[in-house]
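Asker: For reference, the file target.cif (mmCIF, C-alpha atoms) is included below:
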```cif
data_protein
#
loop_
_atom_site.label_atom_id
_atom_site.label_comp_id
_atom_site.auth_asym_id
_atom_site.auth_seq_id
_atom_site.Cartn_x
_atom_site.Cartn_y
_atom_site.Cartn_z
CA MET G 180 -10.46 -6.60 11.75
CA ASN G 181 -6.91 -7.84 11.36
CA ARG G 182 -4.67 -5.52 13.40
CA ALA G 183 -1.60 -7.47 12.34
CA HIS G 184 -1.57 -5.41 9.16
CA LEU G 185 -1.17 -2.05 10.91
CA VAL G 186 2.18 -0.33 10.67
CA LEU G 187 3.25 1.99 13.50
CA VAL G 188 6.27 4.15 12.88
CA GLN G 189 8.01 6.12 15.61
CA ARG G 190 11.54 7.37 15.04
CA ALA G 191 14.00 7.54 17.95
CA SER G 192 14.13 11.33 17.69
CA ARG G 193 10.47 11.56 18.70
CA PRO G 194 9.47 12.48 22.27
CA THR G 195 9.68 9.50 24.61
CA GLY G 196 9.84 10.81 28.16
CA PRO G 197 6.78 11.47 30.33
CA SER G 198 7.47 15.21 30.35
CA GLU G 199 7.58 15.23 26.54
CA VAL G 200 4.29 13.44 25.89
CA ARG G 201 2.14 15.27 23.39
CA SER G 202 -1.18 16.52 24.73
CA GLY G 203 -3.15 17.07 21.53
CA PRO G 204 -5.61 14.84 19.72
CA ILE G 205 -5.01 11.87 17.47
CA LEU G 206 -5.02 13.28 13.94
CA ILE G 207 -6.80 11.08 11.38
CA GLY G 208 -6.43 11.78 7.66
CA TYR G 209 -9.81 10.94 6.11
CA ASP G 210 -10.85 11.22 2.46
CA GLY G 211 -13.94 9.00 2.52
CA SER G 212 -12.20 6.12 0.75
CA GLU G 213 -12.31 2.51 1.91
CA ALA G 214 -8.63 2.74 2.89
CA ALA G 215 -9.28 5.85 5.02
CA GLU G 216 -12.29 4.27 6.70
CA ARG G 217 -10.29 1.12 7.45
CA ALA G 218 -7.46 3.22 8.93
CA LEU G 219 -9.93 5.21 11.03
CA ARG G 220 -11.60 2.07 12.41
CA GLU G 221 -8.30 0.25 13.06
CA GLY G 222 -6.74 3.33 14.62
CA ALA G 223 -9.78 3.84 16.85
CA ALA G 224 -9.64 0.20 17.96
CA LEU G 225 -6.11 0.82 19.23
CA LEU G 226 -6.39 4.41 20.44
CA ALA G 227 -9.94 4.91 21.78
CA PRO G 228 -11.20 6.68 23.89
CA ARG G 229 -8.75 9.50 23.09
CA ARG G 230 -9.64 12.82 21.47
CA ALA G 231 -9.38 12.76 17.69
CA LEU G 232 -9.38 15.31 14.91
CA VAL G 233 -10.68 13.78 11.67
CA VAL G 234 -9.23 15.84 8.83
CA ALA G 235 -10.50 15.98 5.25
CA VAL G 236 -8.00 17.88 3.10
CA TRP G 237 -9.22 19.56 -0.07
CA GLU G 238 -7.31 21.36 -2.78
CA ALA G 239 -8.32 25.01 -2.88
CA GLY G 240 -8.23 26.47 -6.38
CA ALA G 241 -8.41 23.09 -8.11
CA ALA G 242 -11.40 24.29 -10.13
CA PHE G 243 -9.27 26.99 -11.72
CA GLU G 244 -6.74 24.38 -12.84
CA THR G 245 -9.35 22.04 -14.32
CA VAL G 246 -10.82 24.82 -16.43
CA GLU G 247 -7.52 25.02 -18.32
CA LEU G 248 -6.69 21.30 -18.51
CA PRO G 249 -8.57 20.29 -21.68
CA THR G 250 -6.93 22.95 -23.83
CA ALA G 251 -3.45 22.42 -22.39
CA ALA G 252 -3.72 18.66 -22.90
CA VAL G 253 -4.24 19.01 -26.65
CA GLY G 254 -1.72 21.80 -27.14
CA LEU G 255 -4.22 24.61 -27.66
CA PRO G 256 -3.79 28.02 -26.03
CA PRO G 257 -5.70 28.44 -22.77
CA VAL G 258 -9.21 29.78 -23.01
CA PRO G 259 -10.45 32.52 -20.72
CA ILE G 260 -11.48 31.14 -17.34
CA ASP G 261 -15.10 31.50 -16.31
CA ILE G 262 -14.31 32.86 -12.85
CA ARG G 263 -17.88 32.53 -11.55
CA SER G 264 -18.04 28.84 -12.50
CA ALA G 265 -14.60 28.14 -11.04
CA ILE G 266 -15.57 29.82 -7.75
CA GLU G 267 -18.80 27.80 -7.59
CA ILE G 268 -16.91 24.57 -8.26
CA ASP G 269 -14.32 25.46 -5.63
CA ALA G 270 -17.09 26.17 -3.09
CA ALA G 271 -18.71 22.81 -3.94
CA ILE G 272 -15.39 21.02 -3.40
CA CYS G 273 -15.07 22.76 -0.01
CA ARG G 274 -18.64 21.72 0.96
CA ARG G 275 -17.88 18.13 -0.06
CA ALA G 276 -14.75 18.15 2.13
CA GLN G 277 -16.82 19.45 5.05
CA GLN G 278 -19.33 16.61 4.53
CA THR G 279 -16.48 14.11 4.34
CA ALA G 280 -15.02 15.44 7.61
CA GLN G 281 -18.45 15.22 9.28
CA HIS G 282 -18.88 11.64 8.05
CA GLY G 283 -15.42 10.73 9.37
CA GLU G 284 -16.26 12.39 12.69
CA ALA G 285 -19.43 10.28 12.98
CA LEU G 286 -17.50 7.08 12.19
CA ALA G 287 -14.83 7.97 14.74
CA ARG G 288 -17.45 8.63 17.43
CA GLU G 289 -19.11 5.28 16.64
CA ALA G 290 -15.69 3.67 17.04
CA GLY G 291 -15.22 5.15 20.51
CA LEU G 292 -13.17 8.29 19.89
CA GLU G 293 -14.04 11.75 21.17
CA ALA G 294 -13.95 13.14 17.63
CA GLU G 295 -14.18 16.45 15.83
CA GLY G 296 -14.24 16.81 12.02
CA LEU G 297 -12.23 19.44 10.18
CA ALA G 298 -12.09 20.27 6.48
CA VAL G 299 -8.92 22.14 5.59
CA ALA G 300 -7.50 23.43 2.31
CA ASP G 301 -4.11 22.00 1.48
CA GLU G 302 -1.14 24.30 1.21
CA ILE G 303 1.33 22.13 -0.68
CA SER G 304 0.13 18.55 -0.40
CA VAL G 305 -2.12 16.42 1.79
CA ALA G 306 0.91 15.09 3.67
CA ASP G 307 2.30 18.58 4.32
CA THR G 308 -1.10 19.75 5.55
CA LEU G 309 -1.48 16.79 7.94
CA VAL G 310 2.04 17.30 9.30
CA ARG G 311 1.43 21.06 9.74
CA LEU G 312 -1.75 20.33 11.68
CA ALA G 313 0.07 17.74 13.79
CA HIS G 314 2.59 20.44 14.77
CA GLU G 315 -0.08 23.08 15.41
CA ARG G 316 -2.36 20.77 17.44
CA ASP G 317 0.46 18.93 19.27
CA ALA G 318 -0.95 15.64 17.89
CA GLN G 319 -0.23 12.46 19.83
CA ALA G 320 -0.20 10.44 16.59
CA ILE G 321 -1.31 10.58 12.96
CA VAL G 322 -3.46 7.83 11.46
CA VAL G 323 -3.58 7.39 7.66
CA GLY G 324 -4.61 4.70 5.23
CA ALA G 325 -2.47 3.55 2.34
CA HIS G 326 -4.23 3.14 -0.99
CA GLY G 327 -3.34 0.03 -2.97
CA HIS G 328 -2.07 0.78 -6.46
CA GLY G 329 -1.29 -2.52 -8.14
CA ARG G 330 1.20 -5.25 -7.29
CA LEU G 331 3.70 -2.89 -5.71
CA SER G 332 1.17 -1.87 -3.05
CA GLU G 333 2.21 -4.82 -0.91
CA VAL G 334 5.77 -3.48 -0.74
CA LEU G 335 5.34 0.28 -1.04
CA LEU G 336 3.17 2.73 0.86
CA GLY G 337 1.43 5.54 -0.94
CA SER G 338 3.24 8.84 -1.42
CA THR G 339 1.11 10.59 1.21
CA SER G 340 1.71 8.00 3.91
CA ARG G 341 5.45 7.83 3.07
CA LYS G 342 5.82 11.61 3.35
CA VAL G 343 3.83 11.74 6.59
CA ILE G 344 6.09 9.04 8.07
CA ARG G 345 9.23 10.96 7.02
CA THR G 346 8.15 14.36 8.33
CA ALA G 347 5.65 13.87 11.18
CA PRO G 348 6.50 15.20 14.64
CA CYS G 349 4.73 12.23 16.25
CA PRO G 350 4.17 8.49 15.73
CA VAL G 351 2.31 7.53 12.55
CA LEU G 352 -0.11 4.64 12.26
CA VAL G 353 -0.59 3.42 8.68
CA SER G 354 -3.25 0.93 7.66
CA PRO G 355 -2.06 -0.69 4.42
CA ALA G 356 -4.47 -1.33 1.56
CA ALA G 357 -6.65 -4.42 1.85
CA ARG G 358 -5.30 -7.43 0.01
CA ALA G 359 -7.40 -9.66 -2.22
CA GLY G 360 -9.36 -12.16 -0.21
CA THR G 361 -9.22 -10.27 3.08
CA ALA G 362 -12.21 -10.26 5.37
CA SER G 363 -12.98 -6.59 4.65
CA GLU G 364 -13.05 -7.17 0.90
CA GLU G 365 -15.18 -10.28 1.27
CA SER G 366 -17.68 -8.42 3.48
CA ALA G 367 -17.74 -5.51 1.02
CA GLU G 368 -18.40 -7.93 -1.85
CA ALA G 369 -21.19 -9.60 0.14
CA ALA G 370 -22.76 -6.22 0.92
CA ALA G 371 -22.60 -5.20 -2.74
CA ALA G 372 -24.15 -8.49 -3.81
CA SER G 373 -27.07 -8.04 -1.40
CA ARG G 374 -28.06 -4.68 -2.93
#
```
Take the structure in the file and write it out as structure tokens.

Answerer:
Amino acid sequence: MNRAHLVLVQRASRPTGPSEVRSGPILIGYDGSEAAERALREGAALLAPRRALVVAVWEAGAAFETVELPTAAVGLPPVPIDIRSAIEIDAAICRRAQQTAQHGEALAREAGLEAEGLAVADEISVADTLVRLAHERDAQAIVVGAHGHGRLSEVLLGSTSRKVIRTAPCPVLVSPAARAGTASEESAEAAAASR
């Protein structure tokens, strides 16, 4: 693990005195991706044995939107929504988020954190949901991974991590996307080759 690639952001307006120290858990945004797992493991290496809340955010009502997408994309009028199917899809998305949170909780415990998993429906965006939870839970810090999206990923963070950094009430630890040829990519390639 190369901790030199972690980015910790703490603005001067954040609490700094001993009487202002936050008492809540470390909040870890976890979506099951490689970037999220890397952030979880790197954050745990720095912050263990603290309490942690591993959060999987899911978009409630997304199934209702996807039912209309094919017709809207080709300029046709919307078709009636099959409410029963949309509700079942939405429930399946919620169950998947719960499984993702449980998986993240297990990884965090293995990494030395006193972890709890939580699946939560987003209100506006993933970033807004994480920041809201950080306020509500008096989070000591937020840990997120940045997904690499092409050549600009070395310079820019993802939109979620950028927004969390701008609006969080506590320090934010961001684990940037793995770069080509890093140890984590090489070990992932070796694992895939052995299957």

Asker: Pick out the closest residue to Arg274 of chain G from this set: G:Ile303, G:Phe243, G:Ala235, G:Ile205. Count all atoms listed in the file.

Answerer: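 With all atoms listed in the file as the atom set, the closest residue is G:Ala235.
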
Asker: Taking only C-alpha atoms into account, name the residue in G:Ser264, G:Ser354, G:Gln277, G:Ser212 that is nearest to Gly240 of chain G.

Answerer: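 Nearest to Gly240 of chain G: G:Ser264.
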
Asker: Using all atoms listed in the file, which of the listed residues (G:Ala306, G:Ala280, G:Leu292, G:Ile266) sits closest to Lys342 of chain G?

Answerer: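 For Lys342 of chain G, the nearest of the candidates is G:Ala306.
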
Asker: Which is closer to Arg229 of chain G than all the others in G:Gln319, G:Gln281, G:Thr346, G:Ser340, using all atoms listed in the file?

Answerer: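 Looking at the shortest contact to Arg229 of chain G, the residue is G:Gln319.
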
Asker: Kindly resolve the PyMOL selection byres ((chain G and resi 215-221) around 7) on the present coordinates and return the residues as a list in words.

Answerer: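 For this structure, the PyMOL selection byres ((chain G and resi 215-221) around 7) resolves to Arg182, Ile207, Tyr209, Asp210, Gly211, Ser212, Glu213, Ala214, Gly222, Ala223, Ala224, Leu225, Ala287, Ala290, Val322, Val323, Gly324, Val353 and Ser354 of chain G.
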
Asker: In Å, with one decimal, what is the gap from atom CA of Arg311 of chain G to atom CA of Val236 of chain G?

Answerer: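 One can read the atom CA of Arg311 of chain G to atom CA of Val236 of chain G distance as 12.0 Å.
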
Asker: Nearest residue to Thr339 of chain G out of G:Pro228, G:Gly208, G:Ala356, G:Ile262, using only C-alpha atoms?

Answerer: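 Going through G:Pro228, G:Gly208, G:Ala356, G:Ile262 one by one, the smallest distance to Thr339 of chain G is for G:Gly208.
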
Asker: Which one is closest to Arg345 of chain G: G:Asp261, G:Asp307, G:Ala325, G:Gly291? Count all atoms listed in the file.

Answerer: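 Of G:Asp261, G:Asp307, G:Ala325, G:Gly291, the one nearest Arg345 of chain G is G:Asp307, counting all atoms listed in the file.
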
Asker: Suppose you want the space between atom CA of Pro355 of chain G and atom CA of Gly337 of chain G; what is it in Å?

Answerer: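 Result for atom CA of Pro355 of chain G versus atom CA of Gly337 of chain G: 8.9 Å, one decimal.
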